[in-house]
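Q: Pasting data06.txt below, which is compact mmCIF, C-alpha atoms.
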```txt
# COMPACT_ATOMS: atom_id res chain seq x y z
CA MET A 1 -5.19 9.21 16.29
CA THR A 2 -3.50 10.36 13.09
CA ASP A 3 -3.95 13.98 12.08
CA TRP A 4 -4.57 13.69 8.33
CA ASN A 5 -4.28 17.46 7.84
CA LYS A 6 -0.54 17.28 8.51
CA ASN A 7 2.31 16.27 6.22
CA ILE A 8 5.88 15.65 7.31
CA SER A 9 8.44 17.93 5.65
CA THR A 10 12.20 17.46 5.46
CA ASP A 11 12.87 20.39 7.77
CA GLN A 12 10.96 18.54 10.51
CA ILE A 13 13.00 15.32 10.39
CA LYS A 14 16.57 14.09 10.77
CA VAL A 15 18.38 10.78 10.41
CA GLY A 16 17.72 8.64 13.47
CA ASP A 17 14.16 9.87 14.03
CA LYS A 18 11.79 7.13 15.07
CA LEU A 19 8.36 6.79 13.48
CA PRO A 20 5.38 6.27 15.81
CA ASP A 21 5.06 2.49 16.29
CA ILE A 22 1.97 0.52 15.33
CA SER A 23 1.07 -2.57 17.38
CA ILE A 24 -1.56 -4.97 16.12
CA PRO A 25 -2.77 -8.29 17.55
CA ILE A 26 -2.72 -11.24 15.16
CA THR A 27 -5.96 -13.12 15.72
CA LEU A 28 -7.37 -15.89 13.57
CA GLN A 29 -10.27 -13.61 12.68
CA ARG A 30 -7.85 -10.95 11.44
CA LEU A 31 -5.98 -13.51 9.33
CA VAL A 32 -9.23 -14.72 7.78
CA MET A 33 -10.25 -11.12 7.03
CA GLU A 34 -6.78 -10.49 5.60
CA ALA A 35 -6.80 -13.60 3.40
CA GLY A 36 -10.18 -12.67 1.97
CA ALA A 37 -9.09 -9.08 1.41
CA ASN A 38 -5.62 -9.62 -0.03
CA TYR A 39 -6.62 -12.76 -1.98
CA ASP A 40 -3.70 -14.96 -0.85
CA LEU A 41 -5.80 -17.97 0.10
CA SER A 42 -2.88 -20.33 0.86
CA LEU A 43 -3.84 -22.43 3.84
CA PHE A 44 -0.78 -21.54 5.97
CA HIS A 45 -2.40 -18.19 6.61
CA HIS A 46 -5.60 -19.43 8.22
CA ASP A 47 -5.24 -23.16 8.98
CA LYS A 48 -3.21 -24.17 12.04
CA GLU A 49 -2.68 -27.79 10.94
CA VAL A 50 -1.19 -26.72 7.62
CA ALA A 51 0.89 -23.97 9.25
CA ILE A 52 2.43 -26.53 11.61
CA THR A 53 3.68 -28.56 8.62
CA VAL A 54 5.99 -25.68 7.68
CA GLY A 55 7.30 -25.16 11.21
CA ALA A 56 4.95 -22.46 12.43
CA PRO A 57 3.16 -22.84 15.77
CA ASP A 58 -0.12 -21.58 14.26
CA ALA A 59 -1.52 -19.80 11.20
CA PHE A 60 0.64 -16.83 10.28
CA ALA A 61 0.40 -13.52 8.40
CA ASN A 62 1.59 -13.42 4.81
CA SER A 63 3.96 -11.06 3.04
CA PHE A 64 1.06 -8.98 1.66
CA PHE A 65 -0.06 -8.20 5.23
CA ASN A 66 3.47 -7.28 6.30
CA MET A 67 3.89 -5.05 3.22
CA GLY A 68 0.52 -3.42 3.89
CA MET A 69 1.34 -2.76 7.53
CA TYR A 70 4.61 -1.11 6.51
CA GLU A 71 2.62 1.03 4.06
CA ARG A 72 0.29 2.00 6.91
CA LEU A 73 3.26 2.89 9.15
CA LEU A 74 4.82 5.08 6.45
CA ARG A 75 1.54 6.70 5.39
CA GLU A 76 0.47 7.60 8.94
CA TRP A 77 3.87 9.15 9.57
CA ALA A 78 4.43 10.96 6.28
CA GLY A 79 0.89 12.18 5.65
CA PRO A 80 -1.48 12.18 2.68
CA ASN A 81 0.75 14.14 0.29
CA ALA A 82 3.63 11.66 0.46
CA ARG A 83 4.25 9.16 -2.32
CA LEU A 84 5.54 5.72 -1.45
CA LYS A 85 8.27 4.81 -3.95
CA LYS A 86 9.53 1.47 -2.71
CA ILE A 87 9.45 -1.14 0.03
CA GLY A 88 12.67 -3.03 -0.37
CA SER A 89 14.28 -6.21 0.77
CA LEU A 90 11.39 -7.48 2.87
CA LYS A 91 12.79 -10.47 4.75
CA MET A 92 10.49 -12.74 6.70
CA ILE A 93 12.71 -13.99 9.50
CA LYS A 94 10.12 -15.47 11.84
CA PHE A 95 6.36 -15.94 11.79
CA ASN A 96 3.85 -13.25 12.76
CA GLY A 97 1.35 -15.81 14.00
CA VAL A 98 -1.93 -16.17 15.84
CA GLY A 99 -1.50 -15.01 19.44
CA ASP A 100 1.31 -12.58 18.64
CA THR A 101 1.03 -8.85 19.02
CA VAL A 102 3.24 -7.45 16.30
CA THR A 103 4.81 -4.02 16.50
CA PHE A 104 5.82 -2.32 13.26
CA GLU A 105 8.60 0.24 13.65
CA GLY A 106 10.63 2.60 11.47
CA VAL A 107 13.73 4.78 11.80
CA VAL A 108 14.77 7.48 9.32
CA SER A 109 18.09 6.35 7.85
CA LYS A 110 18.70 8.70 4.92
CA ILE A 111 17.40 12.03 3.61
CA GLU A 112 18.26 13.20 0.10
CA GLU A 113 16.36 16.33 -0.90
CA ASN A 114 12.73 15.20 -0.46
CA ILE A 115 13.43 11.45 -0.73
CA VAL A 116 13.53 9.74 2.67
CA THR A 117 14.64 6.20 3.43
CA VAL A 118 13.21 4.51 6.52
CA ASP A 119 14.59 1.29 8.01
CA LEU A 120 11.70 -0.97 8.98
CA ILE A 121 11.30 -3.86 11.40
CA SER A 122 8.47 -5.80 12.97
CA ARG A 123 8.80 -7.64 16.26
CA THR A 124 6.69 -9.65 18.66
CA SER A 125 8.88 -8.88 21.70
CA PRO A 126 11.90 -6.64 22.32
CA THR A 127 14.24 -9.41 21.14
CA ASN A 128 12.08 -11.27 18.62
CA ILE A 129 12.38 -9.52 15.25
CA THR A 130 10.06 -11.11 12.70
CA THR A 131 10.58 -9.06 9.52
CA THR A 132 12.95 -6.39 8.23
CA ALA A 133 12.73 -4.09 5.21
CA PHE A 134 13.26 -0.49 4.17
CA GLY A 135 10.86 2.05 2.72
CA ILE A 136 11.51 4.96 0.38
CA VAL A 137 9.07 7.85 0.57
CA GLN A 138 8.90 11.02 -1.48
CA LEU A 139 7.73 13.91 0.62
CA ASN A 140 5.68 16.36 -1.44
CA GLU A 141 5.82 19.65 0.34
CA VAL A 142 2.87 21.56 -1.05
CA GLU A 143 2.02 25.06 0.02
CA GLY A 144 -0.05 25.20 3.16
CA SER A 145 0.59 21.61 4.21
CA MET B 1 9.65 -21.02 6.83
CA ALA B 2 9.93 -23.62 4.04
CA THR B 3 7.08 -25.11 2.07
CA GLU B 4 7.08 -28.77 1.07
CA GLY B 5 5.08 -30.88 -1.31
CA TRP B 6 4.45 -28.40 -4.11
CA GLY B 7 6.65 -27.05 -6.86
CA LYS B 8 7.31 -28.32 -10.33
CA GLN B 9 10.03 -30.98 -10.49
CA GLY B 10 12.77 -31.22 -13.14
CA THR B 11 16.52 -30.98 -13.73
CA TRP B 12 18.70 -27.91 -13.31
CA GLU B 13 19.14 -27.93 -17.10
CA GLU B 14 15.38 -27.54 -17.42
CA THR B 15 15.48 -24.71 -14.87
CA GLU B 16 18.17 -22.92 -16.91
CA ASN B 17 15.97 -23.13 -20.02
CA PHE B 18 13.56 -20.70 -18.37
CA LEU B 19 16.20 -18.07 -17.55
CA GLY B 20 15.39 -14.70 -19.10
CA LYS B 21 11.98 -15.87 -20.24
CA VAL B 22 8.44 -14.88 -19.37
CA ILE B 23 7.09 -17.73 -17.25
CA GLY B 24 3.55 -16.55 -16.83
CA VAL B 25 1.05 -13.74 -17.19
CA SER B 26 -1.58 -13.20 -14.50
CA VAL B 27 -4.70 -11.22 -15.25
CA GLY B 28 -6.07 -9.73 -12.06
CA ALA B 29 -9.42 -11.20 -11.10
CA ASP B 30 -11.02 -7.91 -10.13
CA ALA B 31 -10.70 -4.28 -11.14
CA VAL B 32 -9.79 -1.73 -8.48
CA GLU B 33 -12.95 -0.83 -6.57
CA LEU B 34 -13.92 0.80 -3.30
CA GLY B 35 -15.26 -2.31 -1.56
CA SER B 36 -12.06 -4.30 -1.95
CA ILE B 37 -9.99 -1.31 -0.82
CA ARG B 38 -12.14 -0.94 2.30
CA LYS B 39 -11.86 -4.61 3.22
CA TRP B 40 -8.08 -4.59 2.67
CA LEU B 41 -7.73 -1.53 4.93
CA GLU B 42 -10.10 -2.94 7.55
CA ALA B 43 -8.01 -6.05 8.22
CA LYS B 44 -5.06 -3.78 9.04
CA GLU B 45 -7.06 -1.17 11.01
CA PHE B 46 -5.68 1.26 8.43
CA TYR B 47 -7.61 4.48 7.87
CA ALA B 48 -6.33 7.15 5.50
CA PRO B 49 -8.85 9.50 3.82
CA ILE B 50 -7.05 9.37 0.44
CA HIS B 51 -8.32 5.77 0.14
CA SER B 52 -12.00 6.60 0.71
CA ASP B 53 -12.64 10.33 0.28
CA GLU B 54 -12.37 11.95 -3.15
CA LYS B 55 -11.86 15.47 -1.77
CA ALA B 56 -9.07 14.36 0.54
CA ALA B 57 -7.38 12.43 -2.26
CA VAL B 58 -7.53 15.37 -4.69
CA GLU B 59 -6.23 17.75 -2.03
CA ALA B 60 -3.28 15.41 -1.56
CA GLY B 61 -2.49 15.59 -5.28
CA PHE B 62 -4.11 12.37 -6.49
CA LYS B 63 -6.56 12.32 -9.41
CA ASP B 64 -9.25 10.58 -7.37
CA ILE B 65 -9.60 8.08 -4.52
CA VAL B 66 -6.42 6.06 -4.77
CA ALA B 67 -5.79 2.42 -3.85
CA PRO B 68 -3.01 1.63 -1.37
CA HIS B 69 0.25 1.10 -3.27
CA THR B 70 0.88 -2.41 -1.94
CA MET B 71 -2.56 -3.55 -3.11
CA ALA B 72 -0.85 -4.08 -6.49
CA PHE B 73 -0.08 -7.61 -5.25
CA THR B 74 -3.79 -8.28 -4.72
CA TYR B 75 -5.10 -6.67 -7.90
CA GLY B 76 -2.58 -8.68 -9.94
CA LEU B 77 -3.77 -12.07 -8.66
CA PRO B 78 -5.81 -14.23 -11.03
CA ALA B 79 -9.09 -15.89 -10.08
CA TYR B 80 -8.88 -19.16 -8.16
CA PHE B 81 -11.95 -20.54 -9.93
CA THR B 82 -13.03 -19.86 -13.52
CA PRO B 83 -15.44 -21.63 -15.86
CA GLU B 84 -12.43 -22.89 -17.85
CA LYS B 85 -10.83 -24.68 -14.88
CA PRO B 86 -12.15 -27.99 -13.53
CA LEU B 87 -14.51 -27.54 -10.62
CA GLU B 88 -13.03 -28.37 -7.23
CA LYS B 89 -13.88 -31.79 -5.83
CA MET B 90 -13.76 -32.93 -2.22
CA GLY B 91 -10.24 -34.17 -1.49
CA ASP B 92 -8.51 -32.03 -4.11
CA THR B 93 -5.28 -30.35 -3.06
CA PRO B 94 -6.16 -26.81 -1.93
CA ARG B 95 -5.11 -24.14 -4.39
CA GLN B 96 -2.10 -22.06 -3.40
CA ILE B 97 -1.25 -18.53 -4.34
CA PRO B 98 0.32 -18.84 -7.82
CA VAL B 99 4.08 -18.27 -7.66
CA PRO B 100 5.43 -19.04 -11.15
CA VAL B 101 9.05 -19.70 -10.07
CA ILE B 102 7.68 -22.55 -7.94
CA PHE B 103 4.75 -23.82 -9.95
CA ASP B 104 5.90 -23.30 -13.54
CA VAL B 105 9.68 -23.55 -13.43
CA PRO B 106 10.97 -27.11 -12.92
CA ALA B 107 13.81 -27.68 -10.45
CA PRO B 108 15.19 -30.77 -8.71
CA CYS B 109 14.08 -29.53 -5.28
CA LYS B 110 11.49 -30.57 -2.74
CA LEU B 111 11.39 -27.46 -0.56
CA SER B 112 11.27 -23.71 -1.01
CA PHE B 113 10.96 -20.46 0.87
CA ALA B 114 10.85 -16.79 -0.07
CA THR B 115 13.99 -14.96 1.02
CA SER B 116 13.30 -11.41 -0.10
CA ILE B 117 10.65 -9.23 -1.74
CA ASP B 118 11.14 -5.77 -3.24
CA ILE B 119 8.35 -3.65 -4.65
CA GLU B 120 8.77 -0.33 -6.48
CA PHE B 121 5.76 1.85 -7.26
CA TYR B 122 5.05 3.86 -10.40
CA GLU B 123 1.54 4.82 -11.58
CA ASP B 124 -1.18 5.09 -8.94
CA MET B 125 -4.14 2.70 -9.05
CA TYR B 126 -7.63 4.18 -9.33
CA VAL B 127 -11.15 2.75 -9.30
CA GLY B 128 -11.77 0.83 -12.52
CA ASP B 129 -8.11 0.03 -13.23
CA LYS B 130 -7.45 -3.56 -14.34
CA ILE B 131 -4.04 -4.93 -13.40
CA THR B 132 -2.06 -7.55 -15.30
CA CYS B 133 1.22 -9.03 -14.06
CA THR B 134 3.97 -10.52 -16.24
CA HIS B 135 6.35 -12.90 -14.47
CA LYS B 136 9.90 -13.40 -15.74
CA LEU B 137 12.75 -15.53 -14.37
CA ILE B 138 15.78 -13.21 -14.32
CA ASP B 139 18.39 -14.97 -12.17
CA ILE B 140 19.45 -18.38 -10.91
CA THR B 141 22.23 -18.51 -8.30
CA HIS B 142 23.22 -21.91 -6.96
CA LYS B 143 24.06 -21.96 -3.28
CA THR B 144 24.43 -24.29 -0.32
CA LEU B 145 22.89 -22.99 2.89
CA SER B 146 22.50 -24.59 6.31
CA VAL B 147 19.05 -25.83 5.28
CA GLY B 148 20.38 -27.61 2.20
CA GLU B 149 21.67 -27.33 -1.34
CA GLY B 150 19.71 -25.49 -4.01
CA ALA B 151 19.41 -22.20 -5.84
CA PHE B 152 18.02 -18.73 -5.44
CA LEU B 153 15.54 -18.06 -8.23
CA THR B 154 14.63 -14.43 -8.84
CA GLN B 155 11.24 -13.68 -10.35
CA GLU B 156 10.62 -10.21 -11.77
CA ASP B 157 6.93 -9.29 -11.74
CA THR B 158 5.84 -6.28 -13.78
CA TYR B 159 2.38 -4.95 -12.96
CA VAL B 160 0.65 -2.77 -15.55
CA ASN B 161 -2.79 -1.22 -15.82
CA GLN B 162 -5.22 -1.45 -18.75
CA LYS B 163 -3.32 1.36 -20.51
CA SER B 164 -0.05 -0.61 -20.20
CA ASP B 165 1.30 1.96 -17.75
CA LYS B 166 3.65 0.34 -15.23
CA VAL B 167 2.11 0.29 -11.76
CA ALA B 168 4.73 -1.70 -9.86
CA ARG B 169 7.82 -3.86 -10.28
CA VAL B 170 8.45 -6.67 -7.84
CA LEU B 171 11.55 -8.79 -7.35
CA LEU B 172 10.74 -12.02 -5.53
CA VAL B 173 13.63 -14.26 -4.52
CA ILE B 174 12.77 -17.89 -3.75
CA PHE B 175 15.31 -20.43 -2.45
CA ARG B 176 14.47 -23.88 -3.79
CA PHE B 177 16.47 -26.65 -2.18
CA ASN B 178 16.81 -30.17 -0.84
CA PRO B 179 17.74 -30.79 2.79
CA PRO B 180 21.00 -32.67 3.48
CA VAL B 181 20.62 -36.42 2.83
CA ASN B 182 21.77 -37.42 6.33
CA GLU B 183 18.93 -35.49 7.99
```
Here is a file; write its structure as structure tokens.
A:
Amino acid sequence: MTDWNKNISTDQIKVGDKLPDISIPITLQRLVMEAGANYDLSLFHHDKEVAITVGAPDAFANSFFNMGMYERLLREWAGPNARLKKIGSLKMIKFNGVGDTVTFEGVVSKIEENIVTVDLISRTSPTNITTTAFGIVQLNEVEGS
Amino acid sequence: MATEGWGKQGTWEETENFLGKVIGVSVGADAVELGSIRKWLEAKEFYAPIHSDEKAAVEAGFKDIVAPHTMAFTYGLPAYFTPEKPLEKMGDTPRQIPVPVIFDVPAPCKLSFATSIDIEFYEDMYVGDKITCTHKLIDITHKTLSVGEGAFLTQEDTYVNQKSDKVARVLLVIFRFNPPVNE
């Protein structure tokens, strides 16, 4: 359970620190909810037959979902005062598809004043990396946080 | 992760004619509002008070309840059905998410896949904001990969709110290609 009264500050982190992982099961119901909510209604993301035509074993999550999950990972780690500045170079290497449990992970790779870069990956098993990216977060260290 | 069967066809010369030009403007179908934020968060099991509680958002330095940054993609998407478009009939090709470098820029390629997406965030999005996205083709780089011969097309998407303040800038790189003839 995330403590939303806390904010990460630069004196609490160092390069190499791992963010708390988030694992989430990809079910067809979740993909349907996601398609309706993010408004990418392309059939690959909720229709197995169409997904198979592009080489996927089943319907698969779209880039908006992957971006949103990385935002969740960064927000839960950094806290409410942080400002997300960028998610860069999102590469979709393999499908996050129905039946997969996807784990989103981050490692602090650079700290410059209050700007922190986090290397991001998602995977469906220890060896099966599905997406990579990086996030840039501005930590706003307000008094009392 | 390639898609087949959709994408405007044409010559590379026709593709080059679009370089540096605006290739589309998308007016977001819906303004930012609490219900769409909640549903977007729900599908990801994402709970952060700044997205639902005014007091928490203000304490965190926002002006009001703020939308998740990456919802810019969603709020910049146009409506799938409007009174001006023909009504859908049984058997019509299902409508895809509009990607102008595929649907509006001609290229002599049958297949495509997205290779990279970058998004930078500027102004926050608040309830009532209306988002418009301008799509521009900013780069064409011809390349032969293992999947076939084609080109990387880079689409720059600039998202602004109703006050013309920049909300986000996205670089979307799509590889459009043909597989080798002997396969």
Q: Got a sec: who's within 9 Å of range 11-23 of chain A, counting only C-alpha atoms, leaving out chain neighbours fewer than 3 positions off, as a tab-separated table (two decimals) with C-alpha atoms, in the frame of the given file?
A:
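What ended up in result15.tsv:
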```tsv
chain	number	residue	atom	x	y	z
A	8	ILE	CA	5.88	15.65	7.31
A	69	MET	CA	1.34	-2.76	7.53
A	72	ARG	CA	0.29	2.00	6.91
A	73	LEU	CA	3.26	2.89	9.15
A	74	LEU	CA	4.82	5.08	6.45
A	76	GLU	CA	0.47	7.60	8.94
A	77	TRP	CA	3.87	9.15	9.57
A	101	THR	CA	1.03	-8.85	19.02
A	102	VAL	CA	3.24	-7.45	16.30
A	103	THR	CA	4.81	-4.02	16.50
A	104	PHE	CA	5.82	-2.32	13.26
A	105	GLU	CA	8.60	0.24	13.65
A	106	GLY	CA	10.63	2.60	11.47
A	107	VAL	CA	13.73	4.78	11.80
A	108	VAL	CA	14.77	7.48	9.32
A	109	SER	CA	18.09	6.35	7.85
A	110	LYS	CA	18.70	8.70	4.92
A	111	ILE	CA	17.40	12.03	3.61
A	118	VAL	CA	13.21	4.51	6.52
```
Q: Could the residues of chain A within 6 Å of chain B, counting all atoms listed in the file, be given as a CSV table (one decimal) with C-alpha atoms, in the frame of the given file, please?
A:
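Printed below is result-v9.csv as written:
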```csv
chain,number,residue,atom,x,y,z
A,30,ARG,CA,-7.8,-11.0,11.4
A,33,MET,CA,-10.2,-11.1,7.0
A,34,GLU,CA,-6.8,-10.5,5.6
A,37,ALA,CA,-9.1,-9.1,1.4
A,38,ASN,CA,-5.6,-9.6,0.0
A,39,TYR,CA,-6.6,-12.8,-2.0
A,40,ASP,CA,-3.7,-15.0,-0.8
A,42,SER,CA,-2.9,-20.3,0.9
A,54,VAL,CA,6.0,-25.7,7.7
A,68,GLY,CA,0.5,-3.4,3.9
A,80,PRO,CA,-1.5,12.2,2.7
A,81,ASN,CA,0.8,14.1,0.3
A,85,LYS,CA,8.3,4.8,-4.0
A,86,LYS,CA,9.5,1.5,-2.7
A,87,ILE,CA,9.4,-1.1,0.0
A,88,GLY,CA,12.7,-3.0,-0.4
A,89,SER,CA,14.3,-6.2,0.8
A,90,LEU,CA,11.4,-7.5,2.9
A,91,LYS,CA,12.8,-10.5,4.8
```
Q: Which of these, A:Ala78, A:Ile26, A:Ile93, A:Ala59, has the shortest distance to Ile121 in chain A once you count all atoms listed in the file?
A: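 Once distances to Ile121 in chain A are computed over all atoms listed in the file, the minimum belongs to A:Ile93.
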Q: So the first atom is CA of Ala61 in chain A and the second is CA of Ile174 in chain B; what is the distance between them in Å, to one decimal place?
A: 17.9 Å
Q: Provide the CA of Pro86 in chain B to CA of Lys110 in chain B distance in Å, to one decimal place.
A: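 Going from CA of Pro86 in chain B over to CA of Lys110 in chain B covers 26.1 Å.
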Q: Please fill the gaps in range 9-31 of chain B so it has N, CA and C atoms, and write that as a PDB file, in the frame of the given file.
A:
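As written to disk, out_19.pdb reads:
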```
ATOM      1  N   GLN B   9       8.767 -30.239 -10.568  1.00  0.00           N
ATOM      2  CA  GLN B   9      10.030 -30.980 -10.490  1.00  0.00           C
ATOM      3  C   GLN B   9      10.689 -31.069 -11.869  1.00  0.00           C
ATOM      4  N   GLY B  10      12.025 -31.089 -11.892  1.00  0.00           N
ATOM      5  CA  GLY B  10      12.770 -31.220 -13.140  1.00  0.00           C
ATOM      6  C   GLY B  10      14.256 -31.098 -12.852  1.00  0.00           C
ATOM      7  N   THR B  11      15.067 -31.079 -13.904  1.00  0.00           N
ATOM      8  CA  THR B  11      16.520 -30.980 -13.730  1.00  0.00           C
ATOM      9  C   THR B  11      16.945 -29.511 -13.727  1.00  0.00           C
ATOM     10  N   TRP B  12      18.186 -29.284 -13.273  1.00  0.00           N
ATOM     11  CA  TRP B  12      18.700 -27.910 -13.310  1.00  0.00           C
ATOM     12  C   TRP B  12      18.812 -27.408 -14.746  1.00  0.00           C
ATOM     13  N   GLU B  13      19.083 -28.338 -15.683  1.00  0.00           N
ATOM     14  CA  GLU B  13      19.140 -27.930 -17.100  1.00  0.00           C
ATOM     15  C   GLU B  13      17.775 -27.373 -17.529  1.00  0.00           C
ATOM     16  N   GLU B  14      16.731 -28.036 -17.076  1.00  0.00           N
ATOM     17  CA  GLU B  14      15.380 -27.540 -17.420  1.00  0.00           C
ATOM     18  C   GLU B  14      15.131 -26.185 -16.764  1.00  0.00           C
ATOM     19  N   THR B  15      15.628 -26.010 -15.543  1.00  0.00           N
ATOM     20  CA  THR B  15      15.480 -24.710 -14.870  1.00  0.00           C
ATOM     21  C   THR B  15      16.156 -23.625 -15.709  1.00  0.00           C
ATOM     22  N   GLU B  16      17.396 -23.909 -16.148  1.00  0.00           N
ATOM     23  CA  GLU B  16      18.170 -22.920 -16.910  1.00  0.00           C
ATOM     24  C   GLU B  16      17.448 -22.519 -18.207  1.00  0.00           C
ATOM     25  N   ASN B  17      16.690 -23.444 -18.777  1.00  0.00           N
ATOM     26  CA  ASN B  17      15.970 -23.130 -20.020  1.00  0.00           C
ATOM     27  C   ASN B  17      14.954 -22.008 -19.855  1.00  0.00           C
ATOM     28  N   PHE B  18      14.555 -21.746 -18.619  1.00  0.00           N
ATOM     29  CA  PHE B  18      13.560 -20.700 -18.370  1.00  0.00           C
ATOM     30  C   PHE B  18      14.199 -19.333 -18.089  1.00  0.00           C
ATOM     31  N   LEU B  19      15.527 -19.309 -17.930  1.00  0.00           N
ATOM     32  CA  LEU B  19      16.200 -18.070 -17.550  1.00  0.00           C
ATOM     33  C   LEU B  19      15.999 -16.990 -18.617  1.00  0.00           C
ATOM     34  N   GLY B  20      15.588 -15.826 -18.186  1.00  0.00           N
ATOM     35  CA  GLY B  20      15.390 -14.700 -19.100  1.00  0.00           C
ATOM     36  C   GLY B  20      14.057 -14.736 -19.819  1.00  0.00           C
ATOM     37  N   LYS B  21      13.254 -15.733 -19.509  1.00  0.00           N
ATOM     38  CA  LYS B  21      11.980 -15.870 -20.240  1.00  0.00           C
ATOM     39  C   LYS B  21      10.772 -15.497 -19.357  1.00  0.00           C
ATOM     40  N   VAL B  22       9.719 -15.098 -20.048  1.00  0.00           N
ATOM     41  CA  VAL B  22       8.440 -14.880 -19.370  1.00  0.00           C
ATOM     42  C   VAL B  22       7.884 -16.245 -18.987  1.00  0.00           C
ATOM     43  N   ILE B  23       7.559 -16.423 -17.715  1.00  0.00           N
ATOM     44  CA  ILE B  23       7.090 -17.730 -17.250  1.00  0.00           C
ATOM     45  C   ILE B  23       5.610 -17.713 -16.890  1.00  0.00           C
ATOM     46  N   GLY B  24       4.976 -16.591 -17.084  1.00  0.00           N
ATOM     47  CA  GLY B  24       3.550 -16.550 -16.830  1.00  0.00           C
ATOM     48  C   GLY B  24       3.007 -15.134 -16.901  1.00  0.00           C
ATOM     49  N   VAL B  25       1.745 -15.034 -17.206  1.00  0.00           N
ATOM     50  CA  VAL B  25       1.050 -13.740 -17.190  1.00  0.00           C
ATOM     51  C   VAL B  25      -0.223 -13.938 -16.376  1.00  0.00           C
ATOM     52  N   SER B  26      -0.389 -13.108 -15.357  1.00  0.00           N
ATOM     53  CA  SER B  26      -1.580 -13.200 -14.500  1.00  0.00           C
ATOM     54  C   SER B  26      -2.484 -12.007 -14.762  1.00  0.00           C
ATOM     55  N   VAL B  27      -3.721 -12.291 -15.071  1.00  0.00           N
ATOM     56  CA  VAL B  27      -4.700 -11.220 -15.250  1.00  0.00           C
ATOM     57  C   VAL B  27      -5.485 -11.098 -13.953  1.00  0.00           C
ATOM     58  N   GLY B  28      -5.403  -9.934 -13.344  1.00  0.00           N
ATOM     59  CA  GLY B  28      -6.070  -9.730 -12.060  1.00  0.00           C
ATOM     60  C   GLY B  28      -7.549 -10.072 -12.125  1.00  0.00           C
ATOM     61  N   ALA B  29      -8.036 -10.737 -11.083  1.00  0.00           N
ATOM     62  CA  ALA B  29      -9.420 -11.200 -11.100  1.00  0.00           C
ATOM     63  C   ALA B  29     -10.423 -10.050 -11.056  1.00  0.00           C
ATOM     64  N   ASP B  30     -10.070  -9.009 -10.335  1.00  0.00           N
ATOM     65  CA  ASP B  30     -11.020  -7.910 -10.130  1.00  0.00           C
ATOM     66  C   ASP B  30     -10.371  -6.569 -10.430  1.00  0.00           C
ATOM     67  N   ALA B  31     -11.155  -5.662 -10.969  1.00  0.00           N
ATOM     68  CA  ALA B  31     -10.700  -4.280 -11.140  1.00  0.00           C
ATOM     69  C   ALA B  31     -10.625  -3.604  -9.771  1.00  0.00           C
TER      70      ALA B  31
END
```
